[in-house]
Amino acid sequence: MYREFIAPSEEEMLETVGEWPDVTEDGARVLTWHDIAGGSLTFSYDVLARSVRVRWLSGEGHQVMDVYREGATRLTPTSTSAAKHLSVEFHTGECRGTMEIQVTPHFSVQDRLLFA
């Protein structure tokens with residue numbers, strides 16, 4: 001069964017996590033954050049393809065993480081006085097899960113995908 005990928009507007013992303021998504025020529029949205037050590041975290045999402053990608057590079061340019069996943073159903077940005085987060089829910093038929101991404105004050109990614 002097809003499930004829609006529900007994502008916030010560009011305005012909501014800017015208001016919540018402080019970044020306006022760039023749009024690629026194929027329609028994907030891309031957000032990038034930088035840390036004080038020179039590292040970067042790039043989060044991209046494609047609503048029509050129901051996919052997300054997280055790329056985390058260290059300050060030296062070494063790849064820490066590169067995760068691509070399909071089956072996204074909801075993207076939720078949140079912000080508190082202490083941190084900014086993205087939460088992505090997935091449902092791929094047999095599996096369900098959540099990816100929690102902290103983008104400030106430091107990068108953190110927690111990912112769970114389990115049989116439903």
# chains A, B, ... in the order shown; residues from 1 in each chain; ligands from 1
$ closest_atom_pairs --of "segment 28-104 of chain A" --to "segment 7-14 of chain A" --cutoff "7 Å" --atoms "only C-alpha atoms" --output "Markdown table"
| residue | atom | partner | partner_atom | distance |
| --- | --- | --- | --- | --- |
| A:Arg74 | CA | A:Ala7 | CA | 5.9 |
| A:Leu75 | CA | A:Ala7 | CA | 4.9 |
| A:Thr76 | CA | A:Ala7 | CA | 7.0 |
| A:Pro77 | CA | A:Met13 | CA | 6.7 |
$ write_last_selection --atoms "N, CA and C atoms" --output "mmCIF file, in the first residue's frame"
data_model
loop_
_atom_site.group_PDB
_atom_site.id
_atom_site.type_symbol
_atom_site.label_atom_id
_atom_site.label_comp_id
_atom_site.auth_asym_id
_atom_site.auth_seq_id
_atom_site.Cartn_x
_atom_site.Cartn_y
_atom_site.Cartn_z
ATOM 1 N N ARG A 74 6.947 10.524 7.251
ATOM 2 C CA ARG A 74 6.756 11.815 7.924
ATOM 3 C C ARG A 74 8.101 12.390 8.339
ATOM 4 N N LEU A 75 8.271 13.684 8.067
ATOM 5 C CA LEU A 75 9.440 14.441 8.500
ATOM 6 C C LEU A 75 8.950 15.529 9.439
ATOM 7 N N THR A 76 9.517 15.540 10.653
ATOM 8 C CA THR A 76 9.101 16.510 11.656
ATOM 9 C C THR A 76 10.316 17.237 12.216
ATOM 10 N N PRO A 77 10.409 18.559 11.980
ATOM 11 C CA PRO A 77 11.469 19.336 12.614
ATOM 12 C C PRO A 77 11.004 19.823 13.983
#
$ closest_residue --among "A:Trp20, A:Phe115, A:Phe107, A:Phe90" --to "Gly39 of chain A" --atoms "only C-alpha atoms"
A:Phe107
$ residues_around --residues "Val88 of chain A" --least-positions-apart "4" --cutoff "10 Å" --atoms "only C-alpha atoms" --output "mmCIF file with N, CA, C and O atoms, in the first residue's frame"
data_model
loop_
_atom_site.group_PDB
_atom_site.id
_atom_site.type_symbol
_atom_site.label_atom_id
_atom_site.label_comp_id
_atom_site.auth_asym_id
_atom_site.auth_seq_id
_atom_site.Cartn_x
_atom_site.Cartn_y
_atom_site.Cartn_z
ATOM 1 N N PHE A 5 4.497 10.714 1.891
ATOM 2 C CA PHE A 5 5.568 11.278 2.707
ATOM 3 C C PHE A 5 5.145 12.707 3.050
ATOM 4 O O PHE A 5 5.121 13.583 2.194
ATOM 5 N N ILE A 6 4.823 12.933 4.303
ATOM 6 C CA ILE A 6 4.372 14.240 4.777
ATOM 7 C C ILE A 6 5.583 15.003 5.301
ATOM 8 O O ILE A 6 6.255 14.545 6.220
ATOM 9 N N ALA A 7 5.848 16.149 4.674
ATOM 10 C CA ALA A 7 7.008 16.955 5.041
ATOM 11 C C ALA A 7 6.558 18.400 5.264
ATOM 12 O O ALA A 7 5.583 18.853 4.659
ATOM 13 N N TYR A 45 15.953 15.293 1.345
ATOM 14 C CA TYR A 45 14.716 14.518 1.319
ATOM 15 C C TYR A 45 13.970 14.789 0.021
ATOM 16 O O TYR A 45 14.009 15.888 -0.521
ATOM 17 N N SER A 51 12.122 9.411 0.047
ATOM 18 C CA SER A 51 13.466 9.024 0.456
ATOM 19 C C SER A 51 14.166 10.143 1.216
ATOM 20 O O SER A 51 13.822 11.316 1.069
ATOM 21 N N VAL A 52 15.155 9.745 2.034
ATOM 22 C CA VAL A 52 16.003 10.693 2.752
ATOM 23 C C VAL A 52 17.448 10.207 2.680
ATOM 24 O O VAL A 52 17.712 9.019 2.495
ATOM 25 N N ALA A 72 10.059 6.729 3.575
ATOM 26 C CA ALA A 72 9.763 7.768 4.572
ATOM 27 C C ALA A 72 8.286 8.137 4.510
ATOM 28 O O ALA A 72 7.695 8.220 3.434
ATOM 29 N N THR A 73 7.683 8.346 5.685
ATOM 30 C CA THR A 73 6.269 8.715 5.739
ATOM 31 C C THR A 73 6.020 10.054 6.416
ATOM 32 O O THR A 73 4.988 10.670 6.200
ATOM 33 N N ARG A 74 6.947 10.524 7.251
ATOM 34 C CA ARG A 74 6.756 11.815 7.924
ATOM 35 C C ARG A 74 8.101 12.390 8.339
ATOM 36 O O ARG A 74 8.941 11.687 8.897
ATOM 37 N N LEU A 75 8.271 13.684 8.067
ATOM 38 C CA LEU A 75 9.440 14.441 8.500
ATOM 39 C C LEU A 75 8.950 15.529 9.439
ATOM 40 O O LEU A 75 8.078 16.319 9.071
ATOM 41 N N THR A 76 9.517 15.540 10.653
ATOM 42 C CA THR A 76 9.101 16.510 11.656
ATOM 43 C C THR A 76 10.316 17.237 12.216
ATOM 44 O O THR A 76 11.168 16.616 12.848
ATOM 45 N N PRO A 77 10.409 18.559 11.980
ATOM 46 C CA PRO A 77 11.469 19.336 12.614
ATOM 47 C C PRO A 77 11.004 19.823 13.983
ATOM 48 O O PRO A 77 9.830 20.149 14.161
ATOM 49 N N GLY A 97 10.121 2.322 11.404
ATOM 50 C CA GLY A 97 11.221 2.855 12.187
ATOM 51 C C GLY A 97 11.231 4.358 12.238
ATOM 52 O O GLY A 97 10.390 5.029 11.650
ATOM 53 N N THR A 98 12.227 4.864 12.962
ATOM 54 C CA THR A 98 12.408 6.294 13.140
ATOM 55 C C THR A 98 13.892 6.621 13.120
ATOM 56 O O THR A 98 14.699 5.912 13.716
ATOM 57 N N MET A 99 14.228 7.706 12.433
ATOM 58 C CA MET A 99 15.580 8.238 12.447
ATOM 59 C C MET A 99 15.502 9.599 13.141
ATOM 60 O O MET A 99 14.731 10.461 12.740
ATOM 61 N N GLU A 100 16.277 9.740 14.212
ATOM 62 C CA GLU A 100 16.321 10.987 14.980
ATOM 63 C C GLU A 100 17.665 11.652 14.718
ATOM 64 O O GLU A 100 18.716 11.047 14.964
ATOM 65 N N ILE A 101 17.626 12.884 14.228
ATOM 66 C CA ILE A 101 18.840 13.607 13.866
ATOM 67 C C ILE A 101 18.898 14.896 14.672
ATOM 68 O O ILE A 101 17.979 15.705 14.595
ATOM 69 N N ASP A 111 19.105 5.722 14.682
ATOM 70 C CA ASP A 111 18.272 5.120 13.655
ATOM 71 C C ASP A 111 17.773 3.769 14.127
ATOM 72 O O ASP A 111 18.550 2.953 14.608
#
